[in-house]
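Raw protein-v4.cif, mmCIF, C-alpha atoms:
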```cif
data_query
#
loop_
_atom_site.label_atom_id
_atom_site.label_comp_id
_atom_site.auth_asym_id
_atom_site.auth_seq_id
_atom_site.Cartn_x
_atom_site.Cartn_y
_atom_site.Cartn_z
CA MET A 10 0.00 0.00 0.00
CA THR A 11 2.85 2.39 0.88
CA THR A 12 4.41 1.84 -2.53
CA ILE A 13 1.11 2.52 -4.27
CA VAL A 14 0.52 5.72 -2.29
CA SER A 15 4.09 6.95 -2.85
CA SER A 16 3.81 6.30 -6.58
CA ALA A 17 0.54 8.21 -6.70
CA LEU A 18 2.10 11.15 -4.86
CA LEU A 19 5.08 11.20 -7.20
CA ALA A 20 2.80 11.02 -10.22
CA GLY A 21 0.72 13.87 -8.84
CA ARG A 22 3.77 16.05 -8.21
CA PHE A 23 5.13 15.31 -11.67
CA GLY A 24 1.76 16.20 -13.20
CA ASP A 25 1.61 19.48 -11.28
CA ALA A 26 5.15 20.39 -12.34
CA ALA A 27 4.41 19.50 -15.97
CA ALA A 28 1.24 21.59 -15.92
CA ALA A 29 3.11 24.59 -14.47
CA THR A 30 5.87 24.25 -17.10
CA THR A 31 3.31 23.97 -19.88
CA GLU A 32 1.38 27.03 -18.74
CA LYS A 33 4.54 29.14 -18.58
CA LEU A 34 5.47 27.93 -22.05
CA ARG A 35 2.03 28.76 -23.45
CA ARG A 36 2.23 32.36 -22.19
CA GLY A 37 5.26 32.99 -24.41
CA VAL A 38 3.61 31.64 -27.59
CA ALA A 39 1.82 33.99 -29.97
CA VAL A 40 -0.53 33.71 -32.89
CA VAL A 41 1.24 35.19 -35.92
CA ARG A 42 -0.75 36.37 -38.92
CA GLY A 43 1.27 37.36 -41.94
CA SER A 44 0.33 40.44 -43.97
CA ARG A 45 0.00 38.27 -47.09
CA GLY A 46 -2.36 35.77 -45.51
CA GLY A 47 -1.75 32.59 -43.60
CA ALA A 48 -1.16 32.13 -39.90
CA GLY A 49 1.06 30.21 -37.55
CA ALA A 50 2.75 30.60 -34.22
CA GLY A 51 5.68 32.53 -32.80
CA ALA A 52 7.98 32.29 -29.79
CA ALA A 53 8.81 35.32 -27.61
CA TRP A 54 12.59 35.34 -27.74
CA ARG A 55 13.52 38.62 -26.06
CA ALA A 56 11.68 40.79 -23.56
CA ASP A 57 12.05 43.86 -25.79
CA GLY A 58 9.40 42.44 -28.13
CA LEU A 59 11.44 40.19 -30.43
CA VAL A 60 9.43 37.19 -31.64
CA ILE A 61 10.78 34.28 -33.71
CA THR A 62 8.66 32.46 -36.27
CA ASN A 63 9.09 30.70 -39.62
CA ASN A 64 9.89 32.64 -42.76
CA HIS A 65 7.00 30.87 -44.48
CA VAL A 66 4.62 32.22 -41.79
CA ALA A 67 5.78 35.87 -41.91
CA THR A 68 5.91 36.22 -45.69
CA GLY A 69 5.38 40.00 -45.89
CA TYR A 70 7.06 43.00 -44.27
CA THR A 71 4.62 43.19 -41.34
CA ALA A 72 2.53 40.82 -39.23
CA THR A 73 -0.07 40.78 -36.49
CA VAL A 74 1.02 39.14 -33.23
CA ILE A 75 -1.43 38.07 -30.51
CA PHE A 76 -0.37 36.75 -27.10
CA ALA A 77 -2.51 35.10 -24.43
CA ASP A 78 -4.05 38.43 -23.32
CA GLY A 79 -5.80 38.63 -26.70
CA VAL A 80 -4.38 42.06 -27.59
CA GLU A 81 -3.36 42.45 -31.24
CA HIS A 82 0.09 43.97 -31.78
CA HIS A 83 1.56 45.30 -35.00
CA ALA A 84 4.98 43.78 -35.74
CA THR A 85 7.67 44.44 -38.33
CA VAL A 86 9.88 41.78 -39.90
CA VAL A 87 13.40 42.90 -38.94
CA ALA A 88 15.33 39.88 -40.20
CA ARG A 89 14.70 36.77 -42.26
CA ASP A 90 16.62 33.83 -43.70
CA PRO A 91 14.64 31.60 -46.06
CA SER A 92 17.47 29.02 -46.13
CA VAL A 93 16.70 28.06 -42.52
CA ASP A 94 13.03 29.18 -42.61
CA LEU A 95 13.39 31.79 -39.87
CA ALA A 96 12.02 35.31 -39.45
CA ALA A 97 12.40 37.77 -36.56
CA LEU A 98 9.49 40.08 -35.73
CA GLN A 99 9.73 43.23 -33.63
CA VAL A 100 6.50 43.89 -31.74
CA GLU A 101 5.89 47.60 -31.38
CA GLY A 102 5.29 49.19 -27.99
CA ALA A 103 5.00 46.03 -25.91
CA ALA A 104 7.05 43.84 -23.65
CA VAL A 105 6.50 40.13 -24.24
CA PRO A 106 6.49 37.11 -21.85
CA VAL A 107 9.92 35.90 -22.92
CA LEU A 108 10.64 32.16 -23.07
CA ALA A 109 13.71 30.43 -21.67
CA VAL A 110 16.04 29.18 -24.41
CA GLY A 111 17.93 25.90 -24.16
CA ASP A 112 21.06 24.53 -25.81
CA SER A 113 20.08 22.39 -28.77
CA ASP A 114 23.60 20.93 -28.96
CA ARG A 115 22.84 18.99 -25.76
CA LEU A 116 19.75 17.19 -27.07
CA LYS A 117 19.62 13.41 -26.92
CA VAL A 118 17.48 10.88 -28.75
CA GLY A 119 14.57 9.78 -26.56
CA GLN A 120 14.35 13.10 -24.70
CA LEU A 121 10.81 14.27 -23.88
CA VAL A 122 9.70 17.40 -25.78
CA LEU A 123 6.63 19.63 -25.90
CA ALA A 124 5.27 21.65 -28.82
CA VAL A 125 2.91 24.62 -28.60
CA GLY A 126 1.07 26.15 -31.53
CA ASN A 127 -2.29 27.12 -32.99
CA PRO A 128 -3.52 24.19 -35.11
CA PHE A 129 -6.81 24.83 -36.89
CA GLY A 130 -7.60 27.81 -34.67
CA GLU A 131 -7.10 26.00 -31.35
CA MET A 132 -4.95 28.58 -29.58
CA ARG A 133 -1.78 27.43 -27.84
CA ALA A 134 -2.53 23.73 -28.09
CA VAL A 135 0.13 21.50 -26.51
CA THR A 136 1.40 18.15 -27.78
CA ALA A 137 4.15 15.91 -26.43
CA GLY A 138 6.63 13.49 -27.97
CA ILE A 139 10.28 12.51 -28.02
CA ILE A 140 13.41 13.46 -29.94
CA SER A 141 13.93 10.80 -32.61
CA ALA A 142 17.04 12.22 -34.35
CA VAL A 143 19.50 15.08 -33.90
CA GLY A 144 21.94 16.63 -36.32
CA ARG A 145 19.79 15.43 -39.18
CA GLY A 146 20.64 16.82 -42.63
CA LEU A 147 17.63 18.23 -44.43
CA THR A 148 17.26 19.73 -47.91
CA GLY A 149 13.56 19.37 -48.71
CA GLY A 150 10.71 21.82 -48.19
CA PRO A 151 11.27 25.30 -46.76
CA VAL A 152 14.11 24.17 -44.46
CA ARG A 153 17.63 23.51 -45.73
CA LEU A 154 19.76 22.64 -42.73
CA SER A 155 22.94 20.68 -42.26
CA GLN A 156 21.57 19.99 -38.79
CA ALA A 157 17.96 19.77 -37.67
CA VAL A 158 15.95 18.38 -34.77
CA GLN A 159 13.57 15.55 -35.62
CA ALA A 160 10.80 14.73 -33.17
CA ASN A 161 8.14 12.04 -33.05
CA ILE A 162 5.35 14.44 -32.22
CA THR A 163 2.03 15.32 -33.82
CA LEU A 164 1.95 18.75 -35.46
CA LEU A 165 -0.71 20.29 -37.67
CA PRO A 166 -1.12 23.44 -39.77
CA GLY A 167 -0.83 26.33 -37.34
CA ASN A 168 2.04 24.80 -35.37
CA SER A 169 4.63 26.31 -37.74
CA GLY A 170 6.81 28.88 -36.00
CA GLY A 171 5.93 27.70 -32.51
CA PRO A 172 8.43 26.39 -29.97
CA LEU A 173 9.66 22.87 -29.45
CA ALA A 174 10.69 22.75 -25.78
CA ASP A 175 12.29 20.31 -23.37
CA ALA A 176 10.65 19.05 -20.18
CA GLU A 177 11.92 22.11 -18.29
CA GLY A 178 10.14 24.45 -20.71
CA ARG A 179 13.32 25.63 -22.45
CA VAL A 180 12.95 26.22 -26.18
CA ILE A 181 15.28 23.93 -28.10
CA GLY A 182 13.80 24.46 -31.57
CA ILE A 183 11.29 26.25 -33.77
CA ASN A 184 8.84 23.87 -35.44
CA ALA A 185 9.15 24.18 -39.20
CA MET A 186 7.67 21.27 -41.11
CA VAL A 187 5.90 17.92 -40.91
CA LEU A 188 7.68 14.99 -42.54
CA GLY A 189 4.83 12.54 -42.07
CA PRO A 190 2.24 11.41 -39.52
CA GLY A 191 3.74 12.00 -36.09
CA VAL A 192 7.15 13.11 -37.39
CA SER A 193 8.28 16.74 -37.54
CA ILE A 194 11.36 18.88 -38.05
CA ALA A 195 12.43 21.89 -35.98
CA VAL A 196 15.13 24.50 -36.53
CA PRO A 197 17.56 24.12 -33.58
CA SER A 198 17.62 26.91 -30.99
CA ASN A 199 21.34 27.42 -31.55
CA THR A 200 20.67 28.04 -35.24
CA VAL A 201 18.13 30.68 -34.17
CA GLU A 202 20.75 32.35 -31.97
CA ARG A 203 23.25 32.42 -34.82
CA PHE A 204 20.60 33.80 -37.20
CA LEU A 205 19.85 36.64 -34.77
CA ALA A 206 23.51 37.41 -34.17
CA GLU A 207 24.19 37.62 -37.90
CA ARG A 208 21.02 39.35 -39.12
CA ALA A 209 18.89 41.01 -36.44
CA PRO A 210 19.37 44.73 -35.66
CA GLY A 211 20.13 45.33 -32.01
CA SER A 212 21.92 42.01 -31.46
CA PRO A 213 25.17 42.35 -29.49
CA VAL A 214 28.33 42.32 -31.61
CA LEU A 215 32.06 42.70 -30.91
CA GLY A 216 32.97 44.14 -34.31
CA ILE A 217 35.43 41.46 -35.37
CA ALA A 218 35.93 38.95 -38.14
CA GLY A 219 37.55 35.66 -37.23
CA GLN A 220 37.90 31.98 -37.85
CA PRO A 221 37.96 28.91 -35.60
CA VAL A 222 41.36 27.40 -34.77
CA ASP A 223 42.41 24.25 -32.95
CA LEU A 224 44.45 24.75 -29.80
CA PRO A 225 46.27 22.46 -27.39
CA GLU A 226 44.41 21.40 -24.28
CA PRO A 227 43.01 22.67 -21.99
CA GLU A 228 41.58 25.25 -24.44
CA GLY A 229 41.05 22.88 -27.36
CA ALA A 230 39.72 25.56 -29.72
CA GLY A 231 39.15 29.29 -30.07
CA VAL A 232 38.39 32.08 -32.54
CA LEU A 233 41.36 33.75 -34.20
CA ILE A 234 40.69 37.47 -34.76
CA ALA A 235 41.46 38.40 -38.38
CA GLU A 236 39.90 41.88 -38.40
CA VAL A 237 38.87 44.49 -35.80
CA ALA A 238 36.49 47.26 -36.90
CA ASP A 239 37.42 50.85 -36.01
CA GLY A 240 35.36 52.15 -33.08
CA SER A 241 34.00 48.70 -32.28
CA ALA A 242 33.56 47.12 -28.87
CA ALA A 243 36.57 44.89 -29.54
CA ALA A 244 38.75 47.88 -30.47
CA SER A 245 37.70 49.79 -27.35
CA ALA A 246 38.63 46.76 -25.21
CA GLY A 247 42.08 46.56 -26.78
CA LEU A 248 41.57 43.33 -28.70
CA MET A 249 43.89 43.00 -31.70
CA ILE A 250 44.33 41.05 -34.91
CA GLY A 251 46.05 37.79 -34.01
CA ASP A 252 44.41 37.43 -30.59
CA VAL A 253 42.52 34.17 -30.06
CA LEU A 254 39.22 34.45 -28.18
CA LEU A 255 38.67 31.64 -25.67
CA THR A 256 35.64 32.44 -23.50
CA ILE A 257 32.87 34.99 -22.95
CA ASP A 258 31.87 35.11 -19.26
CA GLY A 259 33.31 31.61 -18.90
CA THR A 260 31.41 30.18 -21.87
CA PRO A 261 33.78 28.69 -24.50
CA ALA A 262 33.95 30.56 -27.82
CA ARG A 263 35.12 27.75 -30.07
CA ASP A 264 33.67 28.99 -33.35
CA GLY A 265 31.33 31.61 -34.78
CA GLU A 266 28.20 29.82 -33.54
CA THR A 267 29.31 29.42 -29.93
CA LEU A 268 30.64 32.99 -29.89
CA SER A 269 27.31 34.35 -31.15
CA ARG A 270 25.40 32.24 -28.63
CA ALA A 271 27.56 33.45 -25.74
CA LEU A 272 27.17 37.09 -26.79
CA GLY A 273 23.41 36.74 -27.20
CA ARG A 274 22.85 35.83 -23.55
CA GLN A 275 23.13 39.49 -22.46
CA ALA A 276 21.83 42.75 -23.93
CA PRO A 277 24.22 45.07 -25.81
CA GLY A 278 26.20 47.39 -23.57
CA GLN A 279 26.51 44.95 -20.69
CA PRO A 280 30.10 44.32 -19.51
CA ARG A 281 31.38 40.89 -20.55
CA ARG A 282 34.55 39.20 -19.34
CA VAL A 283 36.59 37.88 -22.25
CA THR A 284 39.60 35.58 -22.02
CA PHE A 285 41.97 35.37 -24.96
CA LEU A 286 45.46 34.31 -26.01
CA ARG A 287 48.07 36.85 -27.13
CA GLY A 288 51.53 35.63 -27.96
CA GLY A 289 50.70 32.31 -26.33
CA ARG A 290 49.80 33.92 -22.99
CA ARG A 291 46.29 33.84 -21.54
CA ARG A 292 44.80 37.27 -20.82
CA GLU A 293 41.49 38.82 -19.76
CA THR A 294 39.64 42.02 -20.58
CA THR A 295 36.16 43.53 -20.31
CA VAL A 296 34.15 44.14 -23.48
CA ARG A 297 30.83 45.97 -23.90
CA PRO A 298 29.25 44.57 -27.09
CA GLN A 299 27.47 47.13 -29.26
CA PRO A 300 24.05 46.70 -30.89
CA ARG A 301 24.09 45.64 -34.52
CA GLN A 302 23.01 48.51 -36.73
CA VAL A 303 22.58 46.72 -40.05
CA ALA A 304 19.00 46.62 -41.35
CA ALA A 305 17.36 43.33 -42.23
#
```
What does the file become when written as structure tokens?
Amino acid sequence: MTTIVSSALLAGRFGDAAAATTEKLRRGVAVVRGSRGGAGAGAAWRADGLVITNNHVATGYTATVIFADGVEHHATVVARDPSVDLAALQVEGAAVPVLAVGDSDRLKVGQLVLAVGNPFGEMRAVTAGIISAVGRGLTGGPVRLSQAVQANITLLPGNSGGPLADAEGRVIGINAMVLGPGVSIAVPSNTVERFLAERAPGSPVLGIAGQPVDLPEPEGAGVLIAEVADGSAAASAGLMIGDVLLTIDGTPARDGETLSRALGRQAPGQPRRVTFLRGGRRRETTVRPQPRQVAA
């Protein structure tokens, strides 16, 4: 009897925790209606009103975004990349219930995932499934990725652009297409971060060009600076051509993607501790990344 009661209590606690995680996740999901027709979902990525959706959902220059409060917000497409089926929307005059973002590089096959979207007008419907493949090459449909997240989960029209999240409610992908009954593809969250770092105005940048290099342990790898822009955050911090970036606030910067992801975790202008190699010696400095000014 004790075992039965304990199991019931554990099941109840798990159910309560899952319900709380799901509700928090649903608050950060929007209905997105493109200016050229069609509708899908979007994920609140930053508290300043930045929403991520699919490029095939936000096909025009503007969109209407509706969160759980039912208020319609005008949004402008500030960045897009059809090759990975992503678009970034800036909601005007509103803070959004931002979602937590996870590290898609850490996903494992069999991991439980949740999807939230608006299939056939059912707002913020939730489905569950498991990761069935990671790092999957994909060239068909609107998504052309060398890596993608495949999940055994039921998605329908209206789920496009919505989040795929882990059991903790952290977004690890943006749902993009259905491969077949119960099988879907999502753009990894780390691909979203790189897309924003490279294309979205206001994203934090150092003002450098570089390339990944292999290093002896314990570093293993870093980013060799090949160019430093005049007046950039890197120049102001004293970084030079030939320096090799190692970490941003302790997070390894092993290539362009990890560097962009590390920078994207704080708003522009925030002080960041950078470790780097110069002449074979490890050094540290403080950098204040500047907001990207390039238009979409």
> Looking at A:Gly278, A:Gly240, A:Pro197, A:Gly51, which one is nearest to Val38 (chain A), with distances taken over all atoms listed in the file?
Replying inline: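 Counting all atoms listed in the file, the residue closest to Val38 (chain A) is A:Gly51.
Residues selected in this file by the PyMOL selection byres ((chain A and resi 94) around 7) comprise Asn63, Asn64, His65, Asp90, Pro91, Ser92, Val93, Leu95, Ala96, Pro151 and Val152 of chain A.
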> Any idea what's packed within 7 Å of Ala137 (chain A), counting all atoms listed in the file, ignoring anything in its chain fewer than 5 positions away? Could you give it as an MDAnalysis selection string?
Replying inline: chainID A and resid 122:124 162
> Neighbours of region 183-196 of chain A within 7 Å (all atoms listed in the file; same-chain residues fewer than 3 positions away dropped), as a PyMOL selection string?
Replying inline: chain A and resi 63+157-164+168-173+200
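For the point (10.0, 44.0, -28.4), the residues with an atom at a distance of at most 8 Å are A:Arg55, A:Ala56, A:Asp57, A:Gly58, A:Leu59, A:Val60, A:Gln99, A:Val100, A:Glu101, A:Gly102, A:Ala103, A:Ala104, A:Val105, counting all atoms listed in the file.
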Neighbouring residues of Thr73 (chain A) were defined as those with any atom within 10 Å, considering all atoms listed in the file; residues of the same chain fewer than 5 positions away were excluded. Please report them as a PDB file with C-alpha atoms, in the coordinates of the input.
```
ATOM      1  CA  ALA A  39       1.820  33.990 -29.970  1.00  0.00           C
ATOM      2  CA  VAL A  40      -0.530  33.710 -32.890  1.00  0.00           C
ATOM      3  CA  VAL A  41       1.240  35.190 -35.920  1.00  0.00           C
ATOM      4  CA  ARG A  42      -0.750  36.370 -38.920  1.00  0.00           C
ATOM      5  CA  GLY A  43       1.270  37.360 -41.940  1.00  0.00           C
ATOM      6  CA  SER A  44       0.330  40.440 -43.970  1.00  0.00           C
ATOM      7  CA  ALA A  48      -1.160  32.130 -39.900  1.00  0.00           C
ATOM      8  CA  ALA A  67       5.780  35.870 -41.910  1.00  0.00           C
ATOM      9  CA  VAL A  80      -4.380  42.060 -27.590  1.00  0.00           C
ATOM     10  CA  GLU A  81      -3.360  42.450 -31.240  1.00  0.00           C
ATOM     11  CA  HIS A  82       0.090  43.970 -31.780  1.00  0.00           C
ATOM     12  CA  HIS A  83       1.560  45.300 -35.000  1.00  0.00           C
ATOM     13  CA  ALA A  84       4.980  43.780 -35.740  1.00  0.00           C
ATOM     14  CA  THR A  85       7.670  44.440 -38.330  1.00  0.00           C
ATOM     15  CA  LEU A  98       9.490  40.080 -35.730  1.00  0.00           C
ATOM     16  CA  VAL A 100       6.500  43.890 -31.740  1.00  0.00           C
TER      17      VAL A 100
END
```
> Nearest to Gly247 (chain A): which of A:Val110, A:Leu205, A:Val296, A:Ile234 is it, counting only C-alpha atoms?
Replying inline: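 Going through A:Val110, A:Leu205, A:Val296, A:Ile234 one by one, the smallest distance to Gly247 (chain A) is for A:Val296.
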>> Translate the PyMOL selection byres ((chain A and resi 31) around 9) into a concrete residue list for this structure, as a PyMOL selection string.
In response: chain A and resi 26-30+32-36+123+125+135+176-178
> For Pro213 (chain A), which residue out of A:Gln156, A:Thr256, A:Thr71, A:Gln279 is the nearest one, using all atoms listed in the file?
Replying inline: A:Gln279
>> At a cut-off of 8 Å, using all atoms listed in the file, what residues contact region 225-229 of chain A? Leave out same-chain residues fewer than 2 positions from it and give the result as a PyMOL selection string.
In response: chain A and resi 223+231+255
> Can you tell me how far CA of Ala209 (chain A) sits from CA of Pro300 (chain A), in Å to one decimal?
Replying inline: 9.5 Å
> Between CA of Gly216 (chain A) and CA of Ala238 (chain A), what is the distance, to one decimal in Å?
Replying inline: 5.4 Å
> Where does the PyMOL selection byres ((chain A and resi 285) around 12) land in this file, that is, which residues does it pick, as a count of residues only?
Replying inline: 39
